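Comments concern the structure below.
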Amino acid sequence: MNVSSGPPKETCASDMQPRFCYRCGYAWIPRSEQMPKRCPRCHSSRWDVPERKTRTCKFCGFGFHMKSMDDPCPKCGRRQTEGLDDRFLRCNCCDYEWIRRSPSRPKKCPLCRSEEWDSSRRVRQVCQMCGHIWVCRGRPPVRCPRCRSSVWNMPPKAVRCQRCGHAWKMRARRSEDAVSSCPSCGSRRWNVPMSISLDMDSGRARYREILPRDGHRTLIICRGCGNRWYGGGTGGDVPCPSCGRVCGLHDRIQSTSMILWSGDGRELSYVSENGNGCIYLWEGDVPVAARYSGEVLSEAGITMDDVLEAVNSGSDTKRWKDLADEMYAGRDGYLANVDYLMKRLLLDRGDATVLSLHFTGMGPEAISRKLGLEEDEVSRAFDRIMKAYSDSDILVDDTVFTIDPMKFY
């Protein structure tokens, strides 16, 4: 049966109101939302105009003057439209509503053709593994009837590899620690973004990956005098021991990131922060735009090892220039979501702008630089955003990868 065509002669009656003819006393429920032109029984065009003559109650036979169809009989207290509500029926299998034509019980639902349409309400279940939908007649089953999965009611967790950008769904009841390697590139450090350092100990400048055994010291390069030293922190402005210049976020990021391309007063660089790899486009000390590195790697079909090798060898510069031009052209794309986030989460424009920028991959420190705010102001904005999430019953899980976070709002 073609479900989309619907039953041929029945229509949904959710919004239908009972009608009463003041000429002949006939009560009926129309099958169209339009106002009937005539009474179906006496064919009067003035069926909805009350008359002054006496009407006879169809229940007790008492004559009275009825001003509206809701006026009860003065003797028995019953309305003349009473009993019409019993003609509204609902199928407990498919939730279809219709008006029955006769007082007898329909044998089947006009839509799904089920003979058990008026039995106790059924619960429809959906398998999260294969998408199979079925009606549960008792307790939820242990396995899906189609794919036989025992975790059919547990949504799979989506994750993305930080080394190649491959996205996949883990099996339910598994944690990230249980995944030994990426199914695409085979990296065992798939959930750890590559941390980069500029190595000059070998006599020439080369980028290399910072491994866990290297510790957590941060290399800082003063952009004023070129002095290099290691600091223990990861944030805040520090003075250069040589020239006294205050070295801020860009000095710190530049020294622990990898410059992919530079030109025309702009710089494209990779940096790992807040547990993610990001690609920033800078214009001086101001971040213009940002993208998650996993998105770029997935679109290009390359891995972080390929990127590291290409940058050290000086090849593949056209790819990064094209990416920089693309990011610069769409640098204001985040503004399209600001008005919606204001309405959806009841945020002010400033907090909605911070959240929209964060969706692009930009971290709190970079957001403060782009918007000209203090880092404490951005931190308080994120506190208000998290409260708005809670008030809107939105569960935040940063370990779950989502291709388009806006569609979940």
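Just remember, in the structure tokens the first chain shown is A, the second B, etc., residues are 1-based per chain, and ligands are 1-based in the order shown.
Using only C-alpha atoms, the contacts of range 57-68 of chain A at a cut-off of 10 Å, with sequence neighbours closer than 6 positions omitted, comprise Phe20, Tyr22, Gly25, Tyr26, Asp48, Val49, Pro50, Glu51, Pro74, Lys75, Cys76, Gly77, Arg78, Arg79, Gln80, Thr81 and Glu82 of chain A.
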Original post:
Contacts of Ser313 in chain A at 12 Å or less, counting only C-alpha atoms, minus same-chain residues fewer than 5 places along, as a list in words?
Top reply: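 Final neighbour list, sorted by chain and number: Ala205, Arg206, Tyr207, Leu260, Asp306, Val307 and Leu308 of chain A.
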Please write the residues from the selection above to a file, keeping N, CA and C atoms, as a short mmCIF file (atom, residue, chain, number, x, y, z; two decimals), in the first residue's frame.
data_model
loop_
_atom_site.label_atom_id
_atom_site.label_comp_id
_atom_site.auth_asym_id
_atom_site.auth_seq_id
_atom_site.Cartn_x
_atom_site.Cartn_y
_atom_site.Cartn_z
N ALA A 205 66.31 25.33 10.61
CA ALA A 205 64.97 25.34 11.18
C ALA A 205 64.11 24.25 10.54
N ARG A 206 63.62 23.37 11.37
CA ARG A 206 62.72 22.30 10.91
C ARG A 206 61.63 22.11 11.98
N TYR A 207 60.46 21.82 11.49
CA TYR A 207 59.36 21.53 12.40
C TYR A 207 59.38 20.05 12.76
N LEU A 260 52.07 27.39 7.62
CA LEU A 260 51.78 26.70 6.37
C LEU A 260 52.00 27.60 5.16
N ASP A 306 51.91 13.97 6.39
CA ASP A 306 52.13 14.53 5.04
C ASP A 306 52.31 16.04 5.11
N VAL A 307 51.53 16.69 5.97
CA VAL A 307 51.64 18.14 6.10
C VAL A 307 53.00 18.53 6.66
N LEU A 308 53.45 17.82 7.69
CA LEU A 308 54.75 18.12 8.30
C LEU A 308 55.88 17.95 7.30
#
Original post:
From the set A:Arg208, A:Ile302, A:Cys130, A:Arg113, which residue has the shortest atom-to-atom contact distance to Pro156 in chain A, counting only C-alpha atoms?
Top reply: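 Among the listed residues, the smallest separation from Pro156 in chain A belongs to A:Cys130.
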**OP:** Might you pull out every residue within 9 Å of range 319-336 of chain A, with only C-alpha atoms counted and same-chain residues fewer than 6 positions away left off, and present them as number ranges by chain?
**Re:** A: 260-263, 266-268, 280-281, 288-291, 296, 300, 353, 356-357, 359-360
So that I have them on file, write out the residues from the current selection with N, CA and C atoms, as a PDB file, in the first residue's frame.
ATOM      1  N   LEU A 260      52.069  27.389   7.622  1.00  0.00           N
ATOM      2  CA  LEU A 260      51.782  26.697   6.370  1.00  0.00           C
ATOM      3  C   LEU A 260      52.002  27.597   5.161  1.00  0.00           C
ATOM      4  N   TRP A 261      51.648  28.872   5.318  1.00  0.00           N
ATOM      5  CA  TRP A 261      51.798  29.819   4.212  1.00  0.00           C
ATOM      6  C   TRP A 261      51.790  31.230   4.774  1.00  0.00           C
ATOM      7  N   SER A 262      52.493  32.140   4.139  1.00  0.00           N
ATOM      8  CA  SER A 262      52.464  33.544   4.533  1.00  0.00           C
ATOM      9  C   SER A 262      52.639  34.399   3.299  1.00  0.00           C
ATOM     10  N   GLY A 263      51.966  35.546   3.305  1.00  0.00           N
ATOM     11  CA  GLY A 263      52.043  36.462   2.174  1.00  0.00           C
ATOM     12  C   GLY A 263      50.898  37.457   2.219  1.00  0.00           C
ATOM     13  N   ARG A 266      49.315  38.322   5.485  1.00  0.00           N
ATOM     14  CA  ARG A 266      48.554  37.294   6.198  1.00  0.00           C
ATOM     15  C   ARG A 266      49.428  36.066   6.415  1.00  0.00           C
ATOM     16  N   GLU A 267      49.015  35.266   7.408  1.00  0.00           N
ATOM     17  CA  GLU A 267      49.782  34.070   7.751  1.00  0.00           C
ATOM     18  C   GLU A 267      48.822  32.941   8.110  1.00  0.00           C
ATOM     19  N   LEU A 268      49.034  31.784   7.492  1.00  0.00           N
ATOM     20  CA  LEU A 268      48.235  30.589   7.766  1.00  0.00           C
ATOM     21  C   LEU A 268      49.081  29.616   8.564  1.00  0.00           C
ATOM     22  N   TYR A 280      44.702  28.438  11.773  1.00  0.00           N
ATOM     23  CA  TYR A 280      44.355  29.853  11.940  1.00  0.00           C
ATOM     24  C   TYR A 280      44.857  30.655  10.749  1.00  0.00           C
ATOM     25  N   LEU A 281      44.080  31.655  10.368  1.00  0.00           N
ATOM     26  CA  LEU A 281      44.526  32.660   9.419  1.00  0.00           C
ATOM     27  C   LEU A 281      44.698  33.962  10.180  1.00  0.00           C
ATOM     28  N   VAL A 288      41.985  36.108  11.880  1.00  0.00           N
ATOM     29  CA  VAL A 288      40.914  36.449  10.946  1.00  0.00           C
ATOM     30  C   VAL A 288      39.861  35.359  10.897  1.00  0.00           C
ATOM     31  N   ALA A 289      40.307  34.101  10.816  1.00  0.00           N
ATOM     32  CA  ALA A 289      39.391  32.964  10.720  1.00  0.00           C
ATOM     33  C   ALA A 289      40.096  31.725  11.238  1.00  0.00           C
ATOM     34  N   ALA A 290      39.307  30.692  11.482  1.00  0.00           N
ATOM     35  CA  ALA A 290      39.867  29.428  11.987  1.00  0.00           C
ATOM     36  C   ALA A 290      39.032  28.267  11.466  1.00  0.00           C
ATOM     37  N   ARG A 291      39.696  27.134  11.332  1.00  0.00           N
ATOM     38  CA  ARG A 291      39.019  25.893  10.940  1.00  0.00           C
ATOM     39  C   ARG A 291      39.665  24.737  11.691  1.00  0.00           C
ATOM     40  N   VAL A 296      40.004  20.061   7.258  1.00  0.00           N
ATOM     41  CA  VAL A 296      40.899  20.321   6.132  1.00  0.00           C
ATOM     42  C   VAL A 296      41.588  19.039   5.684  1.00  0.00           C
ATOM     43  N   ALA A 300      41.205  17.284   1.959  1.00  0.00           N
ATOM     44  CA  ALA A 300      42.382  17.155   1.106  1.00  0.00           C
ATOM     45  C   ALA A 300      42.846  15.710   0.942  1.00  0.00           C
ATOM     46  N   THR A 353      27.932  35.868  19.579  1.00  0.00           N
ATOM     47  CA  THR A 353      29.081  36.030  18.677  1.00  0.00           C
ATOM     48  C   THR A 353      30.256  35.174  19.137  1.00  0.00           C
ATOM     49  N   SER A 356      29.415  31.545  18.259  1.00  0.00           N
ATOM     50  CA  SER A 356      29.499  31.307  16.823  1.00  0.00           C
ATOM     51  C   SER A 356      30.951  31.228  16.355  1.00  0.00           C
ATOM     52  N   LEU A 357      31.810  32.061  16.914  1.00  0.00           N
ATOM     53  CA  LEU A 357      33.242  31.975  16.585  1.00  0.00           C
ATOM     54  C   LEU A 357      33.847  30.670  17.089  1.00  0.00           C
ATOM     55  N   PHE A 359      32.413  27.835  17.325  1.00  0.00           N
ATOM     56  CA  PHE A 359      32.006  26.742  16.454  1.00  0.00           C
ATOM     57  C   PHE A 359      32.937  26.603  15.254  1.00  0.00           C
ATOM     58  N   THR A 360      33.604  27.666  14.854  1.00  0.00           N
ATOM     59  CA  THR A 360      34.524  27.581  13.725  1.00  0.00           C
ATOM     60  C   THR A 360      35.851  26.936  14.102  1.00  0.00           C
TER      61      THR A 360
END
**OP:** Could you jot down the CA of Pro364 in chain A to CA of Ile196 in chain A separation for me, Å, one decimal place?
**Re:** 20.0 Å
Subject >> Polymer residues at most 7 Å from Gly165 in chain A, only C-alpha atoms, same-chain spacing of 5 or more positions, as a PyMOL selection string >> reply: chain A and resi 160+294-295+297-298
Subject >> Test item, strand (DSSP E or B) assignment across range 197-395 of chain A, answer as a PyMOL selection string >> reply: chain A and resi 197-199+206-209+218-221+228-231+238-239+246-247+258-263+266-273+276-283+286-292
